[in-house]
$ cat protein11.csv   # CSV, C-alpha atoms and all ligand atoms
chain,number,residue,atom,x,y,z
A,12,MET,CA,0.0,0.0,0.0
A,13,ASN,CA,1.4,3.4,-0.9
A,14,TYR,CA,1.1,6.9,0.3
A,15,LYS,CA,2.3,10.3,-0.7
A,16,THR,CA,3.5,13.3,1.3
A,17,LEU,CA,1.8,16.5,0.1
A,18,THR,CA,3.4,19.8,0.7
A,19,ILE,CA,0.6,22.1,1.5
A,20,ASN,CA,1.8,25.6,1.3
A,21,THR,CA,0.3,27.1,4.4
A,22,ALA,CA,2.7,30.1,4.1
A,23,LEU,CA,4.8,28.8,6.9
A,24,PRO,CA,4.9,31.3,9.8
A,25,ALA,CA,8.4,32.4,10.8
A,26,LYS,CA,8.0,30.8,14.2
A,27,PRO,CA,5.2,28.2,14.1
A,28,ARG,CA,3.3,27.6,17.3
A,29,ALA,CA,3.6,23.8,16.8
A,30,ARG,CA,4.1,21.2,14.1
A,31,VAL,CA,1.2,18.9,13.2
A,32,LEU,CA,1.0,16.0,10.8
A,33,ILE,CA,-2.4,15.5,9.0
A,34,ILE,CA,-2.9,11.9,7.8
A,35,TYR,CA,-5.6,11.9,5.1
A,36,THR,CA,-7.2,8.4,4.7
A,37,GLY,CA,-10.4,9.4,2.9
A,38,GLY,CA,-14.0,9.5,4.0
A,39,THR,CA,-16.8,12.0,3.3
A,40,PHE,CA,-14.6,14.8,4.5
A,41,GLY,CA,-12.8,15.0,1.2
A,42,MET,CA,-15.3,13.7,-1.2
A,43,VAL,CA,-17.0,15.3,-4.2
A,44,HIS,CA,-20.0,14.2,-6.2
A,45,ASP,CA,-19.3,12.6,-9.6
A,46,ALA,CA,-21.6,13.0,-12.7
A,47,GLU,CA,-24.0,10.4,-11.3
A,48,GLY,CA,-24.1,12.1,-7.9
A,49,VAL,CA,-22.1,9.3,-6.2
A,50,LEU,CA,-19.5,10.5,-3.6
A,51,LEU,CA,-15.9,9.9,-4.4
A,52,PRO,CA,-12.6,11.0,-2.7
A,53,PHE,CA,-11.1,14.3,-4.0
A,54,ASP,CA,-7.5,15.4,-4.4
A,55,PHE,CA,-6.4,16.6,-1.0
A,56,SER,CA,-3.8,18.9,-2.3
A,57,LEU,CA,-6.7,21.2,-3.1
A,58,ILE,CA,-7.5,21.6,0.6
A,59,LEU,CA,-6.3,25.2,0.8
A,60,GLU,CA,-8.9,26.2,-1.7
A,61,HIS,CA,-11.6,25.0,0.6
A,62,LEU,CA,-10.0,26.0,3.9
A,63,PRO,CA,-7.9,29.1,3.5
A,64,THR,CA,-8.0,29.7,7.2
A,65,LEU,CA,-5.5,26.9,7.7
A,66,ARG,CA,-2.9,29.6,7.0
A,67,ASN,CA,-4.0,31.6,10.1
A,68,LEU,CA,-3.3,28.9,12.7
A,69,PHE,CA,0.4,29.6,12.9
A,70,LEU,CA,1.1,25.9,12.6
A,71,GLU,CA,3.6,24.0,10.5
A,72,ILE,CA,1.4,21.5,8.8
A,73,THR,CA,2.5,18.5,6.9
A,74,VAL,CA,0.0,16.3,5.1
A,75,ILE,CA,0.4,12.6,4.2
A,76,SER,CA,-2.3,11.2,2.1
A,77,PHE,CA,-3.2,7.6,1.2
A,78,ASP,CA,-2.4,7.2,-2.5
A,79,ASN,CA,-5.9,6.0,-3.0
A,80,PRO,CA,-8.1,7.6,-0.3
A,81,ILE,CA,-10.8,5.2,0.8
A,82,ASP,CA,-14.3,5.0,2.1
A,83,SER,CA,-13.7,3.8,5.7
A,84,SER,CA,-16.0,0.8,5.2
A,85,ASN,CA,-13.0,-0.6,3.3
A,86,ILE,CA,-10.6,-0.2,6.2
A,87,GLU,CA,-8.5,-3.2,7.2
A,88,PRO,CA,-5.9,-3.9,9.8
A,89,GLU,CA,-3.2,-3.2,7.1
A,90,HIS,CA,-4.5,0.4,7.0
A,91,TRP,CA,-4.2,0.7,10.8
A,92,LEU,CA,-0.6,-0.4,10.5
A,93,MET,CA,0.0,2.1,7.8
A,94,ILE,CA,-1.4,4.9,10.0
A,95,GLY,CA,0.6,3.6,13.0
A,96,ASN,CA,3.8,3.6,10.9
A,97,MET,CA,3.2,7.1,9.7
A,98,ILE,CA,2.8,8.3,13.2
A,99,LYS,CA,5.9,6.4,14.4
A,100,ASP,CA,8.1,7.6,11.5
A,101,GLN,CA,7.1,11.3,12.2
A,102,TYR,CA,6.9,11.0,16.0
A,103,ASP,CA,9.9,13.0,16.9
A,104,LYS,CA,9.3,15.7,14.3
A,105,GLN,CA,5.7,16.5,15.2
A,106,ASP,CA,3.9,17.9,18.2
A,107,GLY,CA,0.6,16.3,17.4
A,108,PHE,CA,-1.3,14.3,14.8
A,109,VAL,CA,-4.7,14.7,13.1
A,110,VAL,CA,-6.1,11.7,11.2
A,111,LEU,CA,-8.9,12.4,8.7
A,112,HIS,CA,-11.0,9.3,8.4
A,113,GLY,CA,-14.4,8.3,7.3
A,114,THR,CA,-16.9,8.3,10.2
A,115,ASP,CA,-18.3,4.8,9.5
A,116,THR,CA,-15.4,2.9,11.1
A,117,MET,CA,-13.6,5.8,12.8
A,118,ALA,CA,-14.3,4.3,16.2
A,119,TYR,CA,-12.7,1.0,15.2
A,120,THR,CA,-9.5,2.6,13.8
A,121,ALA,CA,-9.2,5.0,16.8
A,122,SER,CA,-9.6,2.0,19.2
A,123,ALA,CA,-7.1,-0.1,17.2
A,124,LEU,CA,-4.5,2.8,17.2
A,125,SER,CA,-5.0,3.4,21.0
A,126,PHE,CA,-3.8,-0.2,21.6
A,127,MET,CA,-1.1,-0.2,19.0
A,128,LEU,CA,0.7,3.0,20.0
A,129,HIS,CA,2.4,1.9,23.1
A,130,GLY,CA,3.8,4.7,25.3
A,131,LEU,CA,2.0,7.5,23.4
A,132,SER,CA,2.7,10.9,24.8
A,133,LYS,CA,1.4,13.2,22.0
A,134,PRO,CA,-2.2,13.8,20.8
A,135,VAL,CA,-3.6,11.7,18.0
A,136,VAL,CA,-6.9,13.3,17.0
A,137,PHE,CA,-9.3,11.6,14.6
A,138,THR,CA,-11.9,13.6,12.8
A,139,GLY,CA,-13.9,13.6,9.6
A,140,ALA,CA,-17.2,15.1,8.5
A,141,GLN,CA,-20.9,14.2,7.8
A,142,LEU,CA,-20.9,16.5,4.7
A,143,PRO,CA,-18.0,16.9,2.3
A,144,ILE,CA,-15.9,20.1,2.6
A,145,THR,CA,-17.0,21.1,-0.8
A,146,GLU,CA,-20.6,21.6,0.5
A,147,PRO,CA,-21.6,25.0,1.8
A,148,ARG,CA,-23.1,23.6,5.1
A,149,SER,CA,-20.2,21.2,5.7
A,150,ASP,CA,-19.1,20.4,9.2
A,151,ALA,CA,-15.6,19.5,7.8
A,152,ARG,CA,-14.1,23.0,8.4
A,153,GLU,CA,-14.9,23.3,12.1
A,154,ASN,CA,-14.0,19.7,12.8
A,155,LEU,CA,-10.6,20.0,11.2
A,156,ILE,CA,-9.7,23.5,12.5
A,157,THR,CA,-10.5,22.5,16.1
A,158,ALA,CA,-8.9,19.1,15.8
A,159,LEU,CA,-5.7,21.0,14.8
A,160,GLU,CA,-6.1,23.3,17.8
A,161,ILE,CA,-6.4,20.3,20.1
A,162,ALA,CA,-3.5,18.4,18.5
A,163,SER,CA,-1.2,21.4,19.1
A,164,ALA,CA,-2.5,22.4,22.5
A,165,HIS,CA,0.1,22.6,25.2
A,166,GLY,CA,0.1,23.4,28.9
A,167,GLY,CA,3.3,23.7,31.0
A,168,GLY,CA,5.4,22.6,28.0
A,169,LYS,CA,3.4,19.3,27.6
A,170,PRO,CA,0.6,18.3,25.2
A,171,LEU,CA,-2.8,18.6,26.9
A,172,VAL,CA,-4.3,15.5,25.5
A,173,PRO,CA,-1.6,12.8,25.0
A,174,GLU,CA,-4.0,10.1,23.8
A,175,VAL,CA,-5.9,8.8,20.8
A,176,CYS,CA,-9.2,10.7,20.6
A,177,ILE,CA,-12.1,11.6,18.3
A,178,TYR,CA,-13.1,15.3,17.8
A,179,PHE,CA,-16.5,15.7,16.2
A,180,ASP,CA,-19.3,18.2,16.5
A,181,TYR,CA,-17.8,20.3,19.4
A,182,GLU,CA,-16.8,17.3,21.5
A,183,LEU,CA,-13.5,15.6,22.1
A,184,LEU,CA,-14.1,11.9,23.1
A,185,ARG,CA,-11.7,9.1,24.0
A,186,GLY,CA,-11.3,7.1,20.8
A,187,ASN,CA,-11.7,3.7,22.4
A,188,ARG,CA,-14.8,4.7,24.3
A,189,THR,CA,-16.6,6.1,21.2
A,190,LYS,CA,-19.3,4.7,18.9
A,191,LYS,CA,-20.9,6.1,15.7
A,192,VAL,CA,-24.5,6.6,16.7
A,193,GLU,CA,-25.9,8.9,14.0
A,194,SER,CA,-25.6,8.9,10.2
A,195,MET,CA,-27.7,12.0,9.3
A,196,HIS,CA,-27.1,14.7,11.9
A,197,PHE,CA,-23.8,16.2,12.8
A,198,ASP,CA,-23.5,14.7,16.3
A,199,ALA,CA,-22.3,11.4,14.9
A,200,PHE,CA,-20.4,10.1,17.9
A,201,SER,CA,-21.2,9.3,21.5
A,202,SER,CA,-19.2,8.0,24.5
A,203,GLU,CA,-21.8,6.7,27.0
A,204,ASN,CA,-19.4,5.3,29.5
A,205,TYR,CA,-16.7,8.0,29.7
A,206,PRO,CA,-17.0,11.8,29.9
A,207,PRO,CA,-15.9,14.1,27.0
A,208,LEU,CA,-12.2,15.0,27.2
A,209,ALA,CA,-13.1,18.5,26.0
A,210,LYS,CA,-16.0,20.6,24.8
A,211,ALA,CA,-15.4,23.3,22.2
A,212,GLY,CA,-17.4,26.6,22.4
A,213,VAL,CA,-16.1,30.1,22.3
A,214,LYS,CA,-13.1,28.5,23.9
A,215,ILE,CA,-12.1,24.9,24.3
A,216,ASP,CA,-12.8,23.6,27.8
A,217,TYR,CA,-10.6,20.6,28.6
A,218,ASN,CA,-11.6,18.1,31.2
A,219,LEU,CA,-8.0,17.4,32.2
A,220,PRO,CA,-8.7,15.0,35.1
A,221,ALA,CA,-10.4,12.7,32.5
A,222,VAL,CA,-7.4,12.7,30.2
A,223,LEU,CA,-5.0,9.7,30.3
A,224,PRO,CA,-1.7,10.7,31.8
A,225,SER,CA,1.2,10.7,29.5
A,226,ARG,CA,2.8,7.3,29.6
A,227,GLY,CA,6.4,8.5,28.9
A,228,GLY,CA,9.2,6.6,27.4
A,229,SER,CA,9.6,6.1,23.7
A,230,LEU,CA,6.8,5.2,21.3
A,231,GLY,CA,6.4,1.5,20.4
A,232,LEU,CA,4.1,0.1,17.7
A,233,LEU,CA,2.3,-3.2,18.3
A,234,SER,CA,1.5,-4.3,14.8
A,235,ARG,CA,0.3,-7.9,14.7
A,236,PHE,CA,-3.4,-8.6,14.3
A,237,ASP,CA,-5.2,-11.9,14.2
A,238,THR,CA,-8.5,-11.6,12.4
A,239,ASN,CA,-9.8,-15.1,13.3
A,240,VAL,CA,-12.5,-13.6,15.5
A,241,SER,CA,-16.2,-13.3,15.3
A,242,ILE,CA,-19.1,-11.4,16.8
A,243,LEU,CA,-22.4,-13.1,17.6
A,244,LYS,CA,-25.2,-10.7,18.3
A,245,LEU,CA,-27.9,-12.4,20.4
A,246,PHE,CA,-31.6,-11.9,19.8
A,247,PRO,CA,-34.8,-13.4,21.2
A,248,GLY,CA,-35.3,-16.5,19.0
A,249,ILE,CA,-31.7,-17.2,18.1
A,250,ASN,CA,-31.4,-20.9,17.4
A,251,SER,CA,-28.8,-23.6,17.6
A,252,SER,CA,-28.2,-23.7,13.8
A,253,THR,CA,-27.2,-20.0,13.9
A,254,VAL,CA,-24.9,-20.4,16.8
A,255,GLU,CA,-23.5,-23.6,15.3
A,256,ALA,CA,-22.8,-21.8,12.0
A,257,CYS,CA,-20.8,-19.2,13.9
A,258,LEU,CA,-18.8,-21.7,15.9
A,259,HIS,CA,-18.2,-24.3,13.1
A,260,ASN,CA,-15.0,-22.6,12.1
A,261,ALA,CA,-11.7,-24.4,12.7
A,262,ASP,CA,-9.7,-21.2,12.5
A,263,LEU,CA,-11.8,-19.3,15.1
A,264,LYS,CA,-9.8,-18.2,18.1
A,265,ALA,CA,-12.1,-15.7,19.8
A,266,LEU,CA,-15.8,-15.0,19.8
A,267,ILE,CA,-17.5,-11.9,21.2
A,268,ILE,CA,-21.1,-12.4,22.2
A,269,GLU,CA,-23.2,-9.3,22.2
A,270,THR,CA,-25.5,-9.9,25.1
A,271,PHE,CA,-28.6,-8.2,26.5
A,272,GLY,CA,-28.5,-5.5,29.3
A,273,SER,CA,-25.9,-6.1,31.9
A,274,GLY,CA,-24.5,-9.2,30.0
A,275,ASN,CA,-27.4,-11.5,30.0
A,276,ALA,CA,-28.0,-14.4,27.5
A,277,PRO,CA,-30.6,-17.2,27.1
A,278,SER,CA,-30.2,-19.8,29.8
A,279,ALA,CA,-31.3,-22.6,27.4
A,280,ALA,CA,-29.1,-25.7,28.0
A,281,TRP,CA,-28.2,-26.1,24.3
A,282,PHE,CA,-26.8,-22.6,24.3
A,283,VAL,CA,-24.8,-22.8,27.5
A,284,GLU,CA,-23.5,-26.3,26.7
A,285,ARG,CA,-22.4,-25.3,23.2
A,286,LEU,CA,-20.4,-22.3,24.6
A,287,ARG,CA,-18.9,-24.5,27.3
A,288,LYS,CA,-17.7,-27.0,24.7
A,289,ALA,CA,-16.2,-24.2,22.6
A,290,ILE,CA,-14.4,-22.7,25.7
A,291,GLU,CA,-13.1,-26.1,26.8
A,292,SER,CA,-11.6,-26.7,23.3
A,293,GLY,CA,-9.6,-23.4,23.7
A,294,LEU,CA,-11.9,-20.7,22.3
A,295,MET,CA,-11.8,-17.3,24.0
A,296,VAL,CA,-15.3,-16.0,24.5
A,297,VAL,CA,-15.9,-12.4,25.6
A,298,ASN,CA,-19.2,-10.9,26.8
A,299,VAL,CA,-20.0,-7.3,25.6
A,300,SER,CA,-23.4,-5.7,26.1
A,301,GLN,CA,-25.7,-4.5,23.3
A,302,CYS,CA,-26.4,-1.5,25.5
A,303,PRO,CA,-24.2,1.5,24.7
A,304,GLY,CA,-24.2,2.6,28.3
A,305,GLY,CA,-23.6,0.6,31.5
A,306,MET,CA,-21.6,-2.6,31.9
A,307,VAL,CA,-21.5,-6.4,31.9
A,308,ILE,CA,-21.8,-7.8,35.4
A,309,GLN,CA,-21.8,-11.6,35.0
A,310,GLY,CA,-23.8,-13.2,37.8
A,311,LYS,CA,-26.0,-10.2,38.6
A,312,TYR,CA,-28.9,-12.1,37.0
A,313,GLU,CA,-29.4,-15.8,36.8
A,314,THR,CA,-29.2,-15.4,32.9
A,315,SER,CA,-25.5,-14.5,33.1
A,316,ARG,CA,-24.4,-16.7,36.0
A,317,ALA,CA,-23.8,-19.7,33.7
A,318,LEU,CA,-21.6,-17.6,31.4
A,319,GLU,CA,-19.4,-16.7,34.4
A,320,GLU,CA,-19.2,-20.4,35.5
A,321,ILE,CA,-18.2,-21.7,32.0
A,322,GLY,CA,-15.4,-19.2,31.7
A,323,VAL,CA,-16.8,-16.4,29.5
A,324,ILE,CA,-14.7,-13.3,30.0
A,325,SER,CA,-16.6,-10.2,31.0
A,326,GLY,CA,-16.0,-7.2,28.6
A,327,GLY,CA,-17.1,-4.8,31.4
A,328,ASP,CA,-18.0,-1.4,29.9
A,329,MET,CA,-16.0,-1.8,26.7
A,330,THR,CA,-17.6,-0.8,23.4
A,331,ILE,CA,-17.8,-3.5,20.8
A,332,GLU,CA,-15.4,-1.5,18.7
A,333,ALA,CA,-12.8,-1.5,21.4
A,334,ALA,CA,-13.4,-5.1,22.3
A,335,VAL,CA,-13.0,-6.5,18.8
A,336,THR,CA,-9.8,-4.5,18.0
A,337,LYS,CA,-8.3,-5.3,21.3
A,338,VAL,CA,-9.0,-9.0,20.9
A,339,MET,CA,-7.5,-9.0,17.4
A,340,LEU,CA,-4.3,-7.2,18.5
A,341,LEU,CA,-3.9,-9.3,21.7
A,342,LEU,CA,-4.3,-12.6,19.8
A,343,GLY,CA,-1.9,-11.5,17.1
A,344,GLN,CA,0.6,-10.1,19.5
A,345,TYR,CA,0.6,-12.6,22.3
A,346,GLY,CA,-1.6,-15.7,21.5
A,347,VAL,CA,-4.8,-16.9,23.2
A,348,GLU,CA,-3.6,-17.6,26.8
A,349,LYS,CA,-2.1,-14.1,27.4
A,350,ALA,CA,-4.9,-12.5,25.4
A,351,LYS,CA,-7.4,-14.0,27.8
A,352,LYS,CA,-5.6,-12.4,30.8
A,353,LEU,CA,-5.0,-9.0,29.2
A,354,MET,CA,-8.6,-8.8,27.9
A,355,ARG,CA,-9.6,-8.2,31.6
A,356,GLU,CA,-7.1,-5.3,32.1
A,357,PRO,CA,-7.5,-1.7,30.9
A,358,LEU,CA,-4.7,-1.1,28.4
A,359,ALA,CA,-5.5,2.4,27.1
A,360,GLY,CA,-8.4,3.7,29.2
A,361,GLU,CA,-10.9,1.5,27.3
A,362,LEU,CA,-12.2,-0.3,30.4
A,363,SER,CA,-13.3,0.8,33.9
A,364,ILE,CA,-12.3,-1.3,36.8
A,365,ALA,CA,-15.6,-2.3,38.4
B,401,LIG,N1,-18.9,6.2,4.2
B,401,LIG,C1,-18.1,7.3,4.7
B,401,LIG,C2,-16.9,6.7,5.3
B,401,LIG,O1,-16.9,6.2,6.4
B,401,LIG,C3,-18.9,8.1,5.7
B,401,LIG,C4,-18.2,9.2,6.3
B,401,LIG,O2,-17.1,9.5,6.1
B,401,LIG,O3,-18.9,10.0,7.1
B,401,LIG,O4,-15.8,6.7,4.7
$ encode --input "protein11.csv" --output "structure tokens"
Amino acid sequence: MNYKTLTINTALPAKPRARVLIIYTGGTFGMVHDAEGVLLPFDFSLILEHLPTLRNLFLEITVISFDNPIDSSNIEPEHWLMIGNMIKDQYDKQDGFVVLHGTDTMAYTASALSFMLHGLSKPVVFTGAQLPITEPRSDARENLITALEIASAHGGGKPLVPEVCIYFDYELLRGNRTKKVESMHFDAFSSENYPPLAKAGVKIDYNLPAVLPSRGGSLGLLSRFDTNVSILKLFPGINSSTVEACLHNADLKALIIETFGSGNAPSAAWFVERLRKAIESGLMVVNVSQCPGGMVIQGKYETSRALEEIGVISGGDMTIEAAVTKVMLLLGQYGVEKAKKLMREPLAGELSIA
């Protein structure tokens, strides 16, 4: 996969306030309508035509663009690796990073990067837009300008938000706590289980006690993903053929079950026994709730006690986006046994300790 470095002439100020790298991956932010009205990515080197105020931020901005910008529904772990490598390669040169990404899978990519970038002590701010920057009513301009402000914000000589986050519609959210919840309105993201890291109004109000402390040391990049995982969403009426179809896969190493409420599942013997058999033969099974807010508490109800007894791992208050990217990275990096242990521990602020 290739990428190109674009020199965007922002009329470099004599003494820039900070240096920020923009990584342009694609998404609605930079799309234009073709003759048939279908949205396609545009040439990012034209950004200054659409956003001349970039020149007034007193920043030294470098842009790296995917050679072929993509709709984020096409994102794969190899793209996460590419973004991670771009950040690692430029880490010492830049004060912060802004990743322009489609909104559809932004929460997955931000979650993945939060686990991959080990020892991160600089801001990595994801943003995008619900309407292309070429549209008069686009949210792209405000999202990018404020994301750049946040990526370059310092206090006492240190970055204010040294973690992977998503800035969208006046709120800064922790990346691995975020879900896309809206496809038509501008408030596309929400983080039910963790407060915003900042709110942008006339000024940007940072919620500094909620920000992850800088982890210090040098930046490491964990890069191996194992995609032999699956997600099984439960629903009233789910039958054994459906569950069997999911588990009848010799390569499967981990299964996330999306359960009801605080982690509840049918207590039918066929269901519990099938999961028990799978766990006994080495499968890692993780319980994540379908509720965007609250947490899994196995054993609170009779309908989750059996899951605890057969060795299902509680996903606590993790989002499904955080859980699936964490599972893939832990499996790829450490194998099943260590992954089972680390799944229960917060690695990048994605999980509250109950
Ligand atoms: N389909 C687009 C994408 O995720 C939607 C967006 O960017 O808002 O790439």
$ atom_distance --input "protein11.csv" --atom1 "atom CA of His112 of chain A" --atom2 "atom O2 of ligand LIG 401 (chain B)"
6.5 Å
$ atom_distance --input "protein11.csv" --atom1 "atom CA of Thr73 of chain A" --atom2 "atom CA of Phe236 of chain A"
28.7 Å
$ closest_residue --input "protein11.csv" --among "A:Leu243, A:Cys302, A:Ala151, A:Met127" --to "ligand LIG 401 (chain B)" --atoms "all atoms listed in the file"
A:Ala151
$ atom_distance --input "protein11.csv" --atom1 "atom CA of Met195 of chain A" --atom2 "atom CA of Pro247 of chain A"
28.9 Å
$ residues_around --input "protein11.csv" --residues "Leu318 of chain A" --least-positions-apart "2" --cutoff "12 Å" --atoms "all atoms listed in the file" --output "number ranges by chain"
A: 268, 270, 274-280, 282-287, 290, 296-299, 307-316, 320-325
$ residues_near_ligand --input "protein11.csv" --ligand "ligand LIG 401 (chain B)" --cutoff "12 Å" --atoms "only C-alpha atoms and all ligand atoms" --output "PyMOL selection string"
chain A and resi 35-43+49-52+80-86+111-120+137-144+149-151+179+191-200
$ residues_around --input "protein11.csv" --residues "segment 155-170 of chain A" --least-positions-apart "3" --cutoff "8 Å" --atoms "all atoms listed in the file" --output "ChimeraX atom specification"
/A:28-31,65,106-109,132-139,151-152,173,178,211
$ closest_residue --input "protein11.csv" --among "A:Leu358, A:Phe69, A:Pro207, A:Lys349" --to "Pro220 of chain A" --atoms "only C-alpha atoms"
A:Pro207
$ residues_around --input "protein11.csv" --residues "Ala265 of chain A" --least-positions-apart "2" --cutoff "6 Å" --atoms "only C-alpha atoms" --output "NGL selection string"
:A and (240 or 263 or 294-296)
$ decode --input "protein11.csv" --residues "segment 101-117 of chain A" --atoms "N, CA, C and O atoms" --output "PDB file, in the first residue's frame"
ATOM      1  N   GLN A 101       7.104   9.808  12.062  1.00  0.00           N
ATOM      2  CA  GLN A 101       7.149  11.273  12.205  1.00  0.00           C
ATOM      3  C   GLN A 101       7.098  11.708  13.672  1.00  0.00           C
ATOM      4  O   GLN A 101       6.967  12.895  13.957  1.00  0.00           O
ATOM      5  N   TYR A 102       7.166  10.729  14.576  1.00  0.00           N
ATOM      6  CA  TYR A 102       6.856  11.026  15.986  1.00  0.00           C
ATOM      7  C   TYR A 102       7.740  12.130  16.582  1.00  0.00           C
ATOM      8  O   TYR A 102       7.257  13.036  17.244  1.00  0.00           O
ATOM      9  N   ASP A 103       9.030  12.052  16.317  1.00  0.00           N
ATOM     10  CA  ASP A 103       9.929  13.033  16.943  1.00  0.00           C
ATOM     11  C   ASP A 103       9.825  14.407  16.291  1.00  0.00           C
ATOM     12  O   ASP A 103      10.137  15.412  16.906  1.00  0.00           O
ATOM     13  N   LYS A 104       9.373  14.444  15.028  1.00  0.00           N
ATOM     14  CA  LYS A 104       9.321  15.721  14.292  1.00  0.00           C
ATOM     15  C   LYS A 104       8.066  16.519  14.596  1.00  0.00           C
ATOM     16  O   LYS A 104       8.010  17.711  14.343  1.00  0.00           O
ATOM     17  N   GLN A 105       7.013  15.863  15.053  1.00  0.00           N
ATOM     18  CA  GLN A 105       5.712  16.526  15.175  1.00  0.00           C
ATOM     19  C   GLN A 105       5.292  16.687  16.634  1.00  0.00           C
ATOM     20  O   GLN A 105       5.672  15.891  17.488  1.00  0.00           O
ATOM     21  N   ASP A 106       4.447  17.712  16.875  1.00  0.00           N
ATOM     22  CA  ASP A 106       3.896  17.896  18.226  1.00  0.00           C
ATOM     23  C   ASP A 106       2.569  17.167  18.386  1.00  0.00           C
ATOM     24  O   ASP A 106       2.148  16.876  19.511  1.00  0.00           O
ATOM     25  N   GLY A 107       1.893  16.941  17.274  1.00  0.00           N
ATOM     26  CA  GLY A 107       0.607  16.252  17.352  1.00  0.00           C
ATOM     27  C   GLY A 107       0.188  15.749  15.981  1.00  0.00           C
ATOM     28  O   GLY A 107       0.809  16.085  14.954  1.00  0.00           O
ATOM     29  N   PHE A 108      -0.879  14.940  15.975  1.00  0.00           N
ATOM     30  CA  PHE A 108      -1.324  14.272  14.750  1.00  0.00           C
ATOM     31  C   PHE A 108      -2.834  14.398  14.611  1.00  0.00           C
ATOM     32  O   PHE A 108      -3.560  14.261  15.603  1.00  0.00           O
ATOM     33  N   VAL A 109      -3.276  14.661  13.370  1.00  0.00           N
ATOM     34  CA  VAL A 109      -4.711  14.661  13.080  1.00  0.00           C
ATOM     35  C   VAL A 109      -4.939  13.620  11.990  1.00  0.00           C
ATOM     36  O   VAL A 109      -4.260  13.644  10.959  1.00  0.00           O
ATOM     37  N   VAL A 110      -5.845  12.695  12.237  1.00  0.00           N
ATOM     38  CA  VAL A 110      -6.136  11.668  11.234  1.00  0.00           C
ATOM     39  C   VAL A 110      -7.518  11.948  10.652  1.00  0.00           C
ATOM     40  O   VAL A 110      -8.522  11.928  11.388  1.00  0.00           O
ATOM     41  N   LEU A 111      -7.577  12.231   9.359  1.00  0.00           N
ATOM     42  CA  LEU A 111      -8.861  12.449   8.671  1.00  0.00           C
ATOM     43  C   LEU A 111      -9.343  11.107   8.150  1.00  0.00           C
ATOM     44  O   LEU A 111      -8.650  10.457   7.352  1.00  0.00           O
ATOM     45  N   HIS A 112     -10.524  10.715   8.593  1.00  0.00           N
ATOM     46  CA  HIS A 112     -10.969   9.315   8.403  1.00  0.00           C
ATOM     47  C   HIS A 112     -12.477   9.341   8.215  1.00  0.00           C
ATOM     48  O   HIS A 112     -13.174  10.171   8.813  1.00  0.00           O
ATOM     49  N   GLY A 113     -12.999   8.423   7.439  1.00  0.00           N
ATOM     50  CA  GLY A 113     -14.445   8.298   7.314  1.00  0.00           C
ATOM     51  C   GLY A 113     -15.065   7.999   8.672  1.00  0.00           C
ATOM     52  O   GLY A 113     -14.448   7.366   9.534  1.00  0.00           O
ATOM     53  N   THR A 114     -16.304   8.457   8.844  1.00  0.00           N
ATOM     54  CA  THR A 114     -16.923   8.293  10.166  1.00  0.00           C
ATOM     55  C   THR A 114     -17.403   6.863  10.424  1.00  0.00           C
ATOM     56  O   THR A 114     -17.513   6.447  11.567  1.00  0.00           O
ATOM     57  N   ASP A 115     -17.691   6.111   9.333  1.00  0.00           N
ATOM     58  CA  ASP A 115     -18.335   4.801   9.521  1.00  0.00           C
ATOM     59  C   ASP A 115     -17.538   3.875  10.444  1.00  0.00           C
ATOM     60  O   ASP A 115     -18.116   3.195  11.297  1.00  0.00           O
ATOM     61  N   THR A 116     -16.235   3.831  10.250  1.00  0.00           N
ATOM     62  CA  THR A 116     -15.424   2.913  11.069  1.00  0.00           C
ATOM     63  C   THR A 116     -14.367   3.660  11.888  1.00  0.00           C
ATOM     64  O   THR A 116     -13.403   3.047  12.351  1.00  0.00           O
ATOM     65  N   MET A 117     -14.577   4.969  12.058  1.00  0.00           N
ATOM     66  CA  MET A 117     -13.571   5.755  12.790  1.00  0.00           C
ATOM     67  C   MET A 117     -13.355   5.219  14.203  1.00  0.00           C
ATOM     68  O   MET A 117     -12.222   5.185  14.711  1.00  0.00           O
TER      69      MET A 117
END
